[in-house]
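K.L.:
Structure file input-v6.cif, mmCIF, C-alpha atoms, is pasted below:
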```
data_structure
#
loop_
_atom_site.label_atom_id
_atom_site.label_comp_id
_atom_site.auth_asym_id
_atom_site.auth_seq_id
_atom_site.Cartn_x
_atom_site.Cartn_y
_atom_site.Cartn_z
CA MET A 1476 0.71 -2.35 -12.80
CA PRO A 1477 -2.81 -3.56 -11.98
CA PHE A 1478 -3.19 -7.10 -13.18
CA ARG A 1479 -6.49 -7.97 -14.71
CA MET A 1480 -6.77 -9.81 -18.01
CA THR A 1481 -9.29 -7.30 -19.32
CA GLU A 1482 -6.82 -4.46 -18.82
CA PHE A 1483 -4.05 -6.19 -20.71
CA ALA A 1484 -3.23 -4.26 -23.87
CA PRO A 1485 -0.87 -5.54 -26.59
CA SER A 1486 1.52 -2.71 -25.71
CA ASP A 1487 1.78 -4.05 -22.14
CA ILE A 1488 2.82 -7.44 -23.49
CA GLU A 1489 5.47 -5.84 -25.71
CA ARG A 1490 6.75 -3.87 -22.75
CA ARG A 1491 7.01 -6.95 -20.58
CA LEU A 1492 8.99 -8.74 -23.29
CA GLU A 1493 11.33 -5.73 -23.40
CA PHE A 1494 11.74 -5.93 -19.63
CA VAL A 1495 13.26 -9.43 -19.94
CA ASN A 1496 15.21 -8.33 -23.03
CA LEU A 1497 13.82 -11.00 -25.36
CA GLY A 1498 15.00 -10.38 -28.93
CA SER A 1499 14.85 -12.15 -32.28
CA ASP A 1500 18.19 -13.91 -31.60
CA ASP A 1501 16.59 -15.44 -28.56
CA ARG A 1502 13.63 -16.69 -30.58
CA THR A 1503 16.00 -18.39 -33.04
CA ARG A 1504 17.92 -20.06 -30.24
CA ILE A 1505 14.71 -21.20 -28.54
CA ALA A 1506 13.56 -22.77 -31.81
CA ALA A 1507 16.89 -24.65 -31.99
CA VAL A 1508 16.38 -26.31 -28.61
CA GLN A 1509 12.63 -26.87 -28.98
CA ARG A 1510 13.03 -30.65 -29.12
CA ASP A 1511 14.92 -30.73 -25.81
CA VAL A 1512 11.75 -29.53 -24.13
CA LEU A 1513 9.07 -31.24 -26.23
CA ASP A 1514 10.72 -34.70 -26.33
CA HIS A 1515 11.06 -34.84 -22.55
CA LEU A 1516 7.87 -33.13 -21.44
CA ASP A 1517 6.99 -35.72 -18.79
CA GLU A 1518 10.45 -35.58 -17.29
CA HIS A 1519 10.35 -31.78 -16.94
CA VAL A 1520 6.82 -31.67 -15.56
CA ALA A 1521 7.72 -34.43 -13.09
CA ALA A 1522 10.73 -32.40 -11.90
CA PHE A 1523 8.40 -29.56 -11.00
CA PHE A 1524 5.80 -31.61 -9.15
CA ASP A 1525 8.28 -33.97 -7.48
CA HIS A 1526 9.95 -30.93 -6.00
CA LEU A 1527 6.60 -29.68 -4.66
CA ALA A 1528 5.76 -33.12 -3.25
CA ARG A 1529 8.78 -32.90 -0.95
CA PHE A 1530 7.28 -29.99 0.98
CA GLU A 1531 4.49 -30.09 3.51
CA GLU A 1532 3.70 -26.42 2.72
CA ALA A 1533 2.66 -27.36 -0.81
CA ARG A 1534 0.02 -29.86 0.37
CA GLY A 1535 -2.69 -27.40 -0.64
CA LEU A 1536 -1.81 -28.21 -4.23
CA THR A 1537 -0.27 -31.70 -4.18
CA GLY A 1538 -2.87 -33.02 -1.76
CA ARG A 1539 -5.88 -32.05 -3.83
CA ALA A 1540 -6.62 -34.33 -6.76
CA GLU A 1541 -8.74 -31.95 -8.80
CA LEU A 1542 -6.23 -29.10 -8.54
CA ILE A 1543 -3.11 -31.15 -9.19
CA GLU A 1544 -4.71 -32.64 -12.34
CA GLU A 1545 -5.44 -29.19 -13.68
CA ALA A 1546 -2.04 -27.88 -12.65
CA ARG A 1547 -0.26 -30.76 -14.45
CA ARG A 1548 -2.26 -30.22 -17.60
CA LEU A 1549 -1.60 -26.46 -17.54
CA LYS A 1550 2.09 -26.99 -16.82
CA ARG A 1551 2.44 -29.28 -19.87
CA GLU A 1552 0.64 -26.68 -21.94
CA HIS A 1553 3.00 -24.10 -20.49
CA LEU A 1554 6.15 -25.94 -21.58
CA VAL A 1555 4.81 -26.51 -25.09
CA ALA A 1556 3.88 -22.84 -25.41
CA MET A 1557 7.17 -21.70 -23.93
CA VAL A 1558 9.17 -22.97 -26.91
CA SER A 1559 6.52 -22.06 -29.51
CA GLY A 1560 8.03 -18.62 -30.10
CA THR A 1561 4.76 -16.66 -29.87
CA TYR A 1562 4.12 -14.84 -26.65
CA GLY A 1563 0.87 -12.97 -27.15
CA ARG A 1564 -2.34 -12.44 -25.34
CA GLU A 1565 -3.33 -16.10 -25.38
CA TYR A 1566 0.03 -17.06 -23.87
CA ILE A 1567 -0.44 -14.57 -21.04
CA GLU A 1568 -3.97 -15.81 -20.41
CA GLN A 1569 -2.63 -19.35 -19.97
CA ARG A 1570 0.00 -18.17 -17.47
CA PHE A 1571 -2.65 -16.16 -15.70
CA ARG A 1572 -4.88 -19.23 -15.29
CA LEU A 1573 -1.97 -21.21 -13.91
CA GLY A 1574 -1.29 -18.46 -11.38
CA GLN A 1575 -4.93 -18.58 -10.31
CA VAL A 1576 -4.72 -22.34 -9.76
CA TYR A 1577 -1.66 -21.85 -7.53
CA SER A 1578 -3.38 -19.09 -5.67
CA ARG A 1579 -6.49 -21.25 -5.12
CA ALA A 1580 -4.15 -23.93 -3.74
CA ALA A 1581 -2.62 -21.31 -1.41
CA LEU A 1582 0.81 -22.08 -2.84
CA GLU A 1583 3.50 -19.77 -1.46
CA VAL A 1584 5.54 -17.81 -4.00
CA SER A 1585 8.78 -19.05 -2.40
CA ILE A 1586 7.88 -22.71 -2.92
CA PHE A 1587 6.68 -22.08 -6.44
CA MET A 1588 9.98 -20.38 -7.27
CA GLY A 1589 11.95 -23.37 -6.02
CA ALA A 1590 9.88 -25.79 -8.07
CA PHE A 1591 10.10 -23.64 -11.16
CA HIS A 1592 13.84 -23.46 -10.81
CA THR A 1593 14.05 -27.24 -10.55
CA LEU A 1594 12.04 -27.52 -13.74
CA MET A 1595 14.35 -25.10 -15.54
CA ALA A 1596 17.37 -27.04 -14.28
CA SER A 1597 15.86 -30.18 -15.78
CA VAL A 1598 15.41 -28.39 -19.12
CA GLY A 1599 18.92 -26.91 -18.83
CA ARG A 1600 20.54 -30.35 -18.45
CA ARG A 1601 18.90 -31.49 -21.72
CA ILE A 1602 20.06 -28.36 -23.53
CA MET A 1603 23.62 -28.64 -22.25
CA ALA A 1604 23.69 -32.26 -23.36
CA ARG A 1605 23.00 -31.09 -26.91
CA TYR A 1606 26.24 -29.06 -26.96
CA PRO A 1607 28.79 -31.31 -25.19
CA LYS A 1608 31.74 -29.69 -27.03
CA ASP A 1609 30.53 -26.11 -26.83
CA PRO A 1610 29.30 -25.25 -23.32
CA LEU A 1611 29.09 -21.54 -24.18
CA ALA A 1612 26.54 -22.23 -26.92
CA GLY A 1613 24.58 -24.39 -24.49
CA PHE A 1614 24.62 -21.61 -21.94
CA GLU A 1615 23.44 -19.03 -24.48
CA HIS A 1616 20.58 -21.19 -25.68
CA PHE A 1617 19.57 -21.89 -22.13
CA THR A 1618 19.73 -18.18 -21.25
CA SER A 1619 17.38 -17.33 -24.11
CA LEU A 1620 14.84 -19.80 -22.83
CA LYS A 1621 15.35 -18.49 -19.30
CA LYS A 1622 14.26 -15.04 -20.43
CA VAL A 1623 10.89 -16.51 -21.32
CA ALA A 1624 10.87 -18.29 -17.97
CA PHE A 1625 11.35 -15.01 -16.11
CA PHE A 1626 8.71 -13.37 -18.28
CA ASP A 1627 6.36 -16.17 -17.16
CA ILE A 1628 7.30 -15.94 -13.50
CA ALA A 1629 6.45 -12.25 -13.44
CA ILE A 1630 2.98 -12.95 -14.83
CA ILE A 1631 2.29 -15.92 -12.58
CA VAL A 1632 3.40 -14.02 -9.47
CA ASP A 1633 1.35 -11.00 -10.52
CA ALA A 1634 -1.70 -13.24 -10.93
CA MET A 1635 -1.13 -14.77 -7.49
CA MET A 1636 -0.75 -11.31 -5.96
CA ALA A 1637 -3.81 -9.93 -7.73
CA ASP A 1638 -5.87 -12.82 -6.41
CA ARG A 1639 -4.64 -12.24 -2.90
CA GLU A 1640 -5.25 -8.51 -3.08
CA GLN A 1641 -8.78 -9.15 -4.22
CA THR A 1642 -9.37 -11.39 -1.22
CA ILE A 1643 -8.03 -8.69 1.08
CA ARG A 1644 -10.26 -6.10 -0.54
CA GLN A 1645 -13.32 -8.28 -0.09
CA GLN A 1646 -12.47 -8.87 3.55
CA GLN A 1647 -11.97 -5.16 4.17
CA GLU A 1648 -15.34 -4.51 2.61
CA ALA A 1649 -16.93 -7.15 4.85
CA ILE A 1650 -15.30 -5.72 7.97
CA ARG A 1651 -16.51 -2.27 7.06
CA GLU A 1652 -20.06 -3.53 6.57
CA LEU A 1653 -19.94 -5.34 9.89
CA SER A 1654 -18.52 -2.39 11.75
CA THR A 1655 -21.50 -0.09 11.24
CA PRO A 1656 -24.66 -1.89 12.26
CA THR A 1657 -27.87 0.08 12.57
CA LEU A 1658 -30.20 -1.43 15.14
CA GLN A 1659 -33.86 -0.81 15.76
CA VAL A 1660 -34.73 -0.71 19.47
CA ARG A 1661 -38.27 0.68 19.29
CA ASP A 1662 -40.68 1.47 16.53
CA GLN A 1663 -39.19 4.49 14.67
CA LEU A 1664 -36.09 4.50 16.90
CA LEU A 1665 -32.67 3.35 15.71
CA ILE A 1666 -29.36 3.14 17.50
CA LEU A 1667 -26.07 3.45 15.69
CA PRO A 1668 -23.05 2.49 17.77
CA ILE A 1669 -19.79 3.64 16.20
CA ILE A 1670 -16.62 1.86 17.21
CA GLY A 1671 -13.09 2.47 16.01
CA VAL A 1672 -11.65 5.02 13.66
CA LEU A 1673 -13.87 7.25 11.56
CA ASP A 1674 -12.12 8.08 8.33
CA THR A 1675 -13.68 9.78 5.33
CA GLN A 1676 -14.39 6.51 3.55
CA ARG A 1677 -16.07 4.95 6.55
CA ALA A 1678 -18.00 8.10 7.44
CA LYS A 1679 -19.40 8.16 3.93
CA GLN A 1680 -20.41 4.54 4.06
CA LEU A 1681 -21.86 5.01 7.53
CA THR A 1682 -23.99 7.93 6.36
CA GLU A 1683 -25.27 5.95 3.39
CA SER A 1684 -26.18 2.91 5.44
CA LEU A 1685 -27.83 5.06 8.10
CA LEU A 1686 -29.97 6.89 5.55
CA ARG A 1687 -30.99 3.59 3.98
CA ALA A 1688 -31.91 2.26 7.42
CA ILE A 1689 -33.92 5.39 8.21
CA ARG A 1690 -35.95 4.82 5.09
CA SER A 1691 -36.45 1.08 5.53
CA HIS A 1692 -37.26 1.27 9.26
CA ARG A 1693 -39.22 4.52 8.90
CA ALA A 1694 -37.17 5.92 11.78
CA ARG A 1695 -37.88 9.32 13.30
CA VAL A 1696 -35.14 9.37 15.91
CA VAL A 1697 -31.60 7.98 15.74
CA VAL A 1698 -29.29 7.69 18.74
CA MET A 1699 -25.68 7.73 17.59
CA ASP A 1700 -23.30 6.48 20.25
CA ILE A 1701 -19.64 7.44 19.83
CA THR A 1702 -18.31 5.95 23.07
CA GLY A 1703 -16.11 3.66 20.97
CA VAL A 1704 -14.57 6.40 18.86
CA ALA A 1705 -11.12 6.95 20.29
CA THR A 1706 -10.32 10.36 18.86
CA VAL A 1707 -12.55 13.05 17.47
CA ASP A 1708 -10.75 15.77 15.55
CA SER A 1709 -12.19 18.50 13.38
CA LYS A 1710 -12.43 16.14 10.41
CA VAL A 1711 -14.35 13.47 12.31
CA ALA A 1712 -16.59 16.12 13.88
CA ASN A 1713 -17.33 17.46 10.43
CA HIS A 1714 -18.31 13.97 9.27
CA LEU A 1715 -20.63 13.62 12.25
CA ILE A 1716 -22.26 16.97 11.54
CA GLN A 1717 -22.80 16.00 7.91
CA THR A 1718 -24.35 12.69 8.91
CA VAL A 1719 -26.70 14.42 11.34
CA GLU A 1720 -27.74 16.99 8.75
CA ALA A 1721 -28.32 14.40 6.05
CA ALA A 1722 -30.47 12.38 8.46
CA ALA A 1723 -32.43 15.54 9.30
CA LEU A 1724 -33.24 15.97 5.61
CA MET A 1725 -34.78 12.51 5.71
CA GLY A 1726 -36.96 13.66 8.58
CA ALA A 1727 -35.06 11.94 11.39
CA SER A 1728 -33.52 13.73 14.33
CA VAL A 1729 -30.20 12.46 15.59
CA ILE A 1730 -29.06 12.42 19.21
CA VAL A 1731 -25.32 11.98 19.73
CA THR A 1732 -24.27 10.24 22.93
CA GLY A 1733 -21.10 8.96 24.53
CA VAL A 1734 -18.94 12.06 24.13
CA SER A 1735 -16.26 11.31 26.71
CA ALA A 1736 -14.64 13.98 28.87
CA ASP A 1737 -11.47 13.84 26.78
CA VAL A 1738 -13.33 14.14 23.50
CA ALA A 1739 -15.47 16.98 24.85
CA GLN A 1740 -12.39 18.87 25.99
CA SER A 1741 -10.56 18.40 22.74
CA LEU A 1742 -13.63 19.57 20.79
CA VAL A 1743 -13.80 22.71 22.89
CA THR A 1744 -10.05 23.28 22.55
CA LEU A 1745 -10.29 22.89 18.79
CA GLY A 1746 -13.19 25.34 18.77
CA ILE A 1747 -15.58 22.95 17.05
CA ASP A 1748 -19.20 23.91 17.48
CA LEU A 1749 -21.54 20.96 17.87
CA GLY A 1750 -24.28 23.33 18.99
CA ARG A 1751 -26.56 22.29 16.19
CA ILE A 1752 -26.44 18.68 17.36
CA THR A 1753 -28.33 17.35 20.37
CA THR A 1754 -25.78 15.65 22.61
CA LEU A 1755 -26.37 13.67 25.77
CA GLY A 1756 -24.02 12.02 28.21
CA ASP A 1757 -24.55 8.34 27.64
CA LEU A 1758 -26.56 5.88 25.59
CA GLN A 1759 -29.17 5.54 28.34
CA GLY A 1760 -29.75 9.29 28.37
CA GLY A 1761 -30.03 9.28 24.60
CA LEU A 1762 -32.58 6.47 24.60
CA GLU A 1763 -34.66 8.20 27.27
CA GLU A 1764 -34.68 11.44 25.33
CA ALA A 1765 -35.60 9.57 22.14
CA GLU A 1766 -38.46 7.83 23.93
CA ARG A 1767 -39.67 11.16 25.19
CA ILE A 1768 -39.68 12.60 21.66
CA LEU A 1769 -41.56 9.58 20.32
CA GLY A 1770 -44.02 9.63 23.23
CA TYR A 1771 -42.99 6.37 24.85
CA SER A 1772 -42.92 5.94 28.56
CA VAL A 1773 -41.23 3.00 30.20
CA VAL A 1774 -42.95 1.73 33.32
CA ARG A 1775 -41.52 -0.84 35.70
CA THR A 1776 -44.19 -3.49 36.31
CA THR A 1777 -42.68 -5.14 39.37
CA ALA A 1778 -41.08 -3.28 42.21
CA ILE A 1779 -37.50 -4.10 43.12
CA ASP A 1780 -37.31 -5.98 46.43
CA ALA A 1781 -36.61 -3.60 49.23
CA ALA A 1782 -33.62 -5.37 50.63
CA MET B 825 -43.54 20.44 -16.54
CA PRO B 826 -45.80 22.18 -14.02
CA VAL B 827 -46.27 20.61 -10.60
CA PRO B 828 -49.81 19.50 -9.70
CA ILE B 829 -51.06 20.93 -6.41
CA LEU B 830 -53.71 18.91 -4.60
CA LYS B 831 -55.92 20.16 -1.82
CA GLN B 832 -56.49 17.78 1.06
CA GLY B 833 -58.52 19.42 3.80
CA SER B 834 -56.49 22.31 5.15
CA VAL B 835 -53.30 21.00 3.56
CA LEU B 836 -51.92 21.60 0.07
CA ILE B 837 -49.85 18.82 -1.42
CA ALA B 838 -47.41 19.61 -4.23
CA SER B 839 -46.19 16.37 -5.68
CA ILE B 840 -43.16 16.83 -7.92
CA GLN B 841 -43.26 14.26 -10.71
CA ALA B 842 -40.07 14.83 -12.67
CA ALA B 843 -36.91 16.89 -12.75
CA LEU B 844 -37.75 20.58 -12.51
CA THR B 845 -36.33 23.54 -14.36
CA ASP B 846 -35.69 26.76 -12.49
CA HIS B 847 -38.73 28.21 -14.19
CA ASP B 848 -40.95 25.34 -12.95
CA LEU B 849 -39.72 25.95 -9.41
CA LEU B 850 -40.56 29.65 -9.53
CA GLN B 851 -43.96 28.85 -10.95
CA LEU B 852 -44.52 26.39 -8.09
CA ARG B 853 -43.55 29.08 -5.59
CA ASP B 854 -45.98 31.63 -7.03
CA GLU B 855 -48.81 29.14 -7.37
CA LEU B 856 -48.43 27.90 -3.78
CA ALA B 857 -48.35 31.44 -2.41
CA GLU B 858 -51.57 32.20 -4.23
CA LYS B 859 -53.36 28.95 -3.31
CA VAL B 860 -52.47 29.11 0.38
CA GLY B 861 -54.49 32.32 0.54
CA ARG B 862 -57.31 31.14 -1.68
CA PHE B 863 -57.93 27.86 0.19
CA ARG B 864 -57.00 29.26 3.61
CA SER B 865 -54.58 26.36 4.00
CA ARG B 866 -52.69 25.74 7.24
CA GLY B 867 -50.09 23.37 5.85
CA VAL B 868 -48.09 22.75 2.65
CA ILE B 869 -46.38 19.50 1.77
CA ILE B 870 -43.82 19.38 -1.03
CA ASP B 871 -43.06 15.82 -2.09
CA VAL B 872 -39.62 15.57 -3.70
CA THR B 873 -39.46 11.75 -3.86
CA ALA B 874 -39.04 11.86 -7.64
CA LEU B 875 -36.08 14.23 -7.56
CA ASP B 876 -32.62 12.70 -7.77
CA VAL B 877 -30.77 16.02 -7.79
CA MET B 878 -31.27 19.19 -5.83
CA ASP B 879 -29.04 22.17 -6.51
CA SER B 880 -28.54 25.45 -4.70
CA PHE B 881 -31.36 27.09 -6.61
CA ALA B 882 -33.79 24.32 -5.68
CA THR B 883 -32.91 24.41 -1.98
CA ARG B 884 -33.06 28.19 -1.91
CA THR B 885 -36.45 28.20 -3.63
CA LEU B 886 -37.77 25.62 -1.16
CA ARG B 887 -36.61 27.81 1.71
CA GLY B 888 -38.31 30.73 -0.01
CA ILE B 889 -41.57 28.82 -0.41
CA ALA B 890 -41.52 27.87 3.28
CA ALA B 891 -40.90 31.48 4.34
CA THR B 892 -43.62 32.80 2.02
CA ALA B 893 -46.15 30.23 3.20
CA ARG B 894 -45.34 31.00 6.84
CA LEU B 895 -46.12 34.67 6.23
CA ARG B 896 -49.43 33.58 4.73
CA GLY B 897 -50.20 31.43 7.77
CA ALA B 898 -49.23 27.94 6.61
CA GLN B 899 -46.44 25.61 7.67
CA THR B 900 -44.38 23.86 5.00
CA VAL B 901 -42.91 20.35 5.18
CA VAL B 902 -40.60 18.87 2.57
CA VAL B 903 -40.97 15.10 2.30
CA GLY B 904 -39.28 12.27 0.42
CA VAL B 905 -35.68 13.47 0.22
CA GLN B 906 -33.73 10.48 -1.13
CA PRO B 907 -30.59 9.29 0.72
CA GLU B 908 -28.33 10.23 -2.21
CA VAL B 909 -29.93 13.66 -2.44
CA ALA B 910 -29.52 14.20 1.31
CA ILE B 911 -25.83 13.32 1.14
CA ALA B 912 -25.31 15.57 -1.88
CA ILE B 913 -27.07 18.51 -0.24
CA VAL B 914 -24.96 18.21 2.90
CA GLN B 915 -21.72 17.78 1.00
CA LEU B 916 -22.42 20.78 -1.20
CA GLY B 917 -22.94 22.79 1.97
CA LEU B 918 -26.54 23.61 1.11
CA THR B 919 -29.24 23.65 3.73
CA LEU B 920 -32.97 23.47 4.13
CA GLN B 921 -32.75 25.36 7.38
CA GLY B 922 -36.14 26.56 8.58
CA VAL B 923 -37.92 23.93 6.51
CA PRO B 924 -39.03 20.85 8.46
CA THR B 925 -38.46 17.58 6.62
CA ALA B 926 -40.18 14.22 6.96
CA LEU B 927 -39.56 10.79 5.52
CA ASP B 928 -42.59 10.57 3.25
CA LEU B 929 -46.07 11.95 2.65
CA GLU B 930 -47.58 9.99 5.52
CA GLU B 931 -44.99 11.20 8.03
CA GLY B 932 -45.31 14.73 6.68
CA LEU B 933 -49.08 14.79 7.20
CA ASP B 934 -48.53 13.38 10.68
CA LEU B 935 -46.00 16.11 11.45
CA LEU B 936 -48.40 18.83 10.27
CA ARG B 937 -51.27 17.35 12.26
CA ARG B 938 -49.19 17.35 15.43
CA SER B 939 -47.94 20.90 15.01
CA MET B 940 -51.42 22.19 14.12
CA ALA B 941 -52.83 20.52 17.23
CA ARG B 942 -50.17 22.27 19.25
CA ASP B 943 -51.07 25.64 17.75
CA LEU B 944 -54.77 25.30 18.52
CA PRO B 945 -55.86 26.81 21.83
CA SER B 946 -56.93 23.97 24.05
#
```
As structure tokens, what does this structure read like?
P.N.:
Amino acid sequence: MPFRMTEFAPSDIERRLEFVNLGSDDRTRIAAVQRDVLDHLDEHVAAFFDHLARFEEARGLTGRAELIEEARRLKREHLVAMVSGTYGREYIEQRFRLGQVYSRAALEVSIFMGAFHTLMASVGRRIMARYPKDPLAGFEHFTSLKKVAFFDIAIIVDAMMADREQTIRQQQEAIRELSTPTLQVRDQLLILPIIGVLDTQRAKQLTESLLRAIRSHRARVVVMDITGVATVDSKVANHLIQTVEAAALMGASVIVTGVSADVAQSLVTLGIDLGRITTLGDLQGGLEEAERILGYSVVRTTAIDAA
Amino acid sequence: MPVPILKQGSVLIASIQAALTDHDLLQLRDELAEKVGRFRSRGVIIDVTALDVMDSFATRTLRGIAATARLRGAQTVVVGVQPEVAIAIVQLGLTLQGVPTALDLEEGLDLLRRSMARDLPS
């Protein structure tokens, strides 16, 4: 399930409570042991953070004053809410915020789980102490509370994951942007080196950024170098043709260069016709042809020493 | 909304201002065909900067205009195709084959000037 607070419907909350099997009996039992949590809040919170303090890997949280303050406050809030008996939208929002704090502190899920278990053990000892003659009752009360704990863990872990996934998405986006630079080498002449794998998504983005560059640089010729494209199959070739045609509609002619022997052979074998596209052996050839179209001529001003 | 057609020397400039209906397009075609003859124009520029969609009818009509104008002795250039429009045209498998395109009005005039200079006996 995608985890974003805005997408969280009341039915999702109900479903999650069903997943941990939390019923009305459980709510009654939780109410009965409420004082065991509320009267010893500091002790339980300390159990959690003392556990974290033992591990170097948790320094991202325990070593940063502003985060640990917030985490302590939220954890206290958490314990109070846990025994309140209402687990609605507001409750989930609180758990979600806590998960975001952990994620900002780069806290690993494995360490968090250990600390949370220590906290629950601390709560469990208090509950068991309430029923010295009836351990079964103690166990049942504790189990009811544990259902809420697992309900919470799922949300906190989901929040941590969602945060991480978002980071990954942003990085992918950045890599994609970086991987398709459009460079101006002369007035009205752009080069577009393509490196790596051309999938549909990237081809689309490449076409868009090229067309934008054509407009902003007022380009008339584009040299597209595909030396760095490992494999060209019919799909990739189709993308290239579409890019060239779209650029032509913007008034720019495209020269494709860097078609290696292997790529050329596989294109011929596959029967793909690039006849409508101007192709030249290498980038140098492409640039020279582009300069010819634009009316440039490059003249060497000093002769090379005749050695 | 009819498309205004301006005369600039030997070039006619049709500047499309808003989305066109099929009827507007046909009217543009007829009017251009008539004016090319009346003004003895050598070039036609159709500026589509304001269009954010171009369907099969529009591209076919543009090809038709270009072919008609060529028969009447004028070369047609379509200018101002937006990036999104270009991508859509290509993805829909439509073409403007036989119709030269240029980035904007300035480039289009430049293109016409060059090709007219080439046509003139030197």
K.L.:
Determine, counting only C-alpha atoms, which protein, DNA and RNA residues have an atom within 8 Å of an atom of A:Val1719; residues of the same chain fewer than 5 positions away are not included. Present the result as a ChimeraX atom specification.
P.N.:
/A:1728-1729,1752
K.L.:
Could you write those residues out with C-alpha atoms, as a PDB file, in the coordinates of the input?
P.N.:
```pdb
ATOM      1  CA  SER A1728     -33.520  13.730  14.330  1.00  0.00           C
ATOM      2  CA  VAL A1729     -30.200  12.460  15.590  1.00  0.00           C
ATOM      3  CA  ILE A1752     -26.440  18.680  17.360  1.00  0.00           C
TER       4      ILE A1752
END
```
K.L.:
Counting only C-alpha atoms, which residues of chain A fall within 6 Å of chain B, and what is the closest atom pair for each with its distance in Å at one decimal, ordered by chain and rising number, as CSV?
P.N.:
```
residue,atom,partner,partner_atom,distance
A:Leu1686,CA,B:Pro907,CA,5.4
A:Gln1717,CA,B:Val914,CA,5.9
A:Ala1721,CA,B:Ala910,CA,4.9
A:Leu1724,CA,B:Thr925,CA,5.6
A:Met1725,CA,B:Leu927,CA,5.1
A:Gly1726,CA,B:Ala926,CA,3.6
```
K.L.:
Given the file above and the PyMOL selection byres ((chain A and resi 1757) around 8), which residues are selected, and can you give them as an mmCIF file with C-alpha atoms, in the frame of the given file?
P.N.:
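Below is the file that was written, expr_16.cif:
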```
data_model
loop_
_atom_site.group_PDB
_atom_site.id
_atom_site.type_symbol
_atom_site.label_atom_id
_atom_site.label_comp_id
_atom_site.auth_asym_id
_atom_site.auth_seq_id
_atom_site.Cartn_x
_atom_site.Cartn_y
_atom_site.Cartn_z
ATOM 1 C CA ASP A 1700 -23.300 6.480 20.250
ATOM 2 C CA THR A 1732 -24.270 10.240 22.930
ATOM 3 C CA GLY A 1733 -21.100 8.960 24.530
ATOM 4 C CA VAL A 1734 -18.940 12.060 24.130
ATOM 5 C CA LEU A 1755 -26.370 13.670 25.770
ATOM 6 C CA GLY A 1756 -24.020 12.020 28.210
ATOM 7 C CA LEU A 1758 -26.560 5.880 25.590
ATOM 8 C CA GLN A 1759 -29.170 5.540 28.340
ATOM 9 C CA GLY A 1760 -29.750 9.290 28.370
ATOM 10 C CA GLY A 1761 -30.030 9.280 24.600
#
```
K.L.:
For B:Gly833, which of B:Ile870, B:Leu933, B:Gln899, B:Arg938 is the closest residue, counting all atoms listed in the file?
P.N.:
B:Leu933
K.L.:
Could you tell me which residues the PyMOL selection byres ((chain B and resi 852-860) around 9) returns for this structure, as an MDAnalysis selection string?
P.N.:
chainID B and resid 826:829 835:836 838 847:851 861:868 885:886 888:889 892:893 896:898
K.L.:
Figure out the distance between atom CA of A:Ala1596 and atom CA of A:Leu1527, please, to one decimal in Å.
P.N.:
14.7 Å
K.L.:
Any chance you could work out the residue set of the PyMOL selection byres ((chain A and resi 1542-1551) around 8) here, as an mmCIF file with C-alpha atoms, in the frame of the given file?
P.N.:
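Writing the result to expr-v1.cif gives the following:
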```
data_model
loop_
_atom_site.group_PDB
_atom_site.id
_atom_site.type_symbol
_atom_site.label_atom_id
_atom_site.label_comp_id
_atom_site.auth_asym_id
_atom_site.auth_seq_id
_atom_site.Cartn_x
_atom_site.Cartn_y
_atom_site.Cartn_z
ATOM 1 C CA LEU A 1516 7.870 -33.130 -21.440
ATOM 2 C CA ASP A 1517 6.990 -35.720 -18.790
ATOM 3 C CA VAL A 1520 6.820 -31.670 -15.560
ATOM 4 C CA LEU A 1536 -1.810 -28.210 -4.230
ATOM 5 C CA THR A 1537 -0.270 -31.700 -4.180
ATOM 6 C CA GLY A 1538 -2.870 -33.020 -1.760
ATOM 7 C CA ARG A 1539 -5.880 -32.050 -3.830
ATOM 8 C CA ALA A 1540 -6.620 -34.330 -6.760
ATOM 9 C CA GLU A 1541 -8.740 -31.950 -8.800
ATOM 10 C CA GLU A 1552 0.640 -26.680 -21.940
ATOM 11 C CA HIS A 1553 3.000 -24.100 -20.490
ATOM 12 C CA LEU A 1554 6.150 -25.940 -21.580
ATOM 13 C CA VAL A 1555 4.810 -26.510 -25.090
ATOM 14 C CA GLN A 1569 -2.630 -19.350 -19.970
ATOM 15 C CA LEU A 1573 -1.970 -21.210 -13.910
ATOM 16 C CA VAL A 1576 -4.720 -22.340 -9.760
ATOM 17 C CA TYR A 1577 -1.660 -21.850 -7.530
ATOM 18 C CA ALA A 1580 -4.150 -23.930 -3.740
#
```
K.L.:
Let me make sure I understand: among A:Arg1644, A:Arg1695, A:Lys1710, A:Lys1621, which one has the smallest atom-to-atom distance to A:Ala1723 if we use all atoms listed in the file?
P.N.:
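Smallest separation from A:Ala1723 among the options: A:Arg1695.
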K.L.:
Distance cut-off 12 Å, centre (-16.6, 17.0, 12.6) in file coordinates, counting only C-alpha atoms: which residues qualify? Return them as a ChimeraX atom specification.
P.N.:
/A:1673-1675,1678,1706-1720,1738,1741-1742,1745-1752
K.L.:
In Å, how far is it from atom CA of A:Arg1677 to atom CA of A:Val1704?
P.N.:
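Interatomic distance here is 12.5 Å.
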K.L.:
Using the file's own x, y and z axes, what box holds all listed atoms of stretch 1617-1629 of chain A with 8 Å on each side, keeping edges along x, y and z, and what are its centre and edge lengths in Å to one decimal, as AutoDock Vina command-line options?
P.N.:
```
--center_x 13.0 --center_y -17.1 --center_z -18.8 --size_x 29.4 --size_y 25.6 --size_z 26.7
```
K.L.:
Could you jot down the atom CA of A:Gly1770 to atom CA of A:Met1699 separation for me, Å, one decimal place?
P.N.:
19.3 Å
K.L.:
Could you please give me, as a PyMOL selection string, the residues of protein, DNA or RNA lying at most 9 Å from (1.9, -12.8, -25.9) in the coordinate frame of the file, considering only C-alpha atoms?
P.N.:
chain A and resi 1485+1488-1489+1492+1561-1568
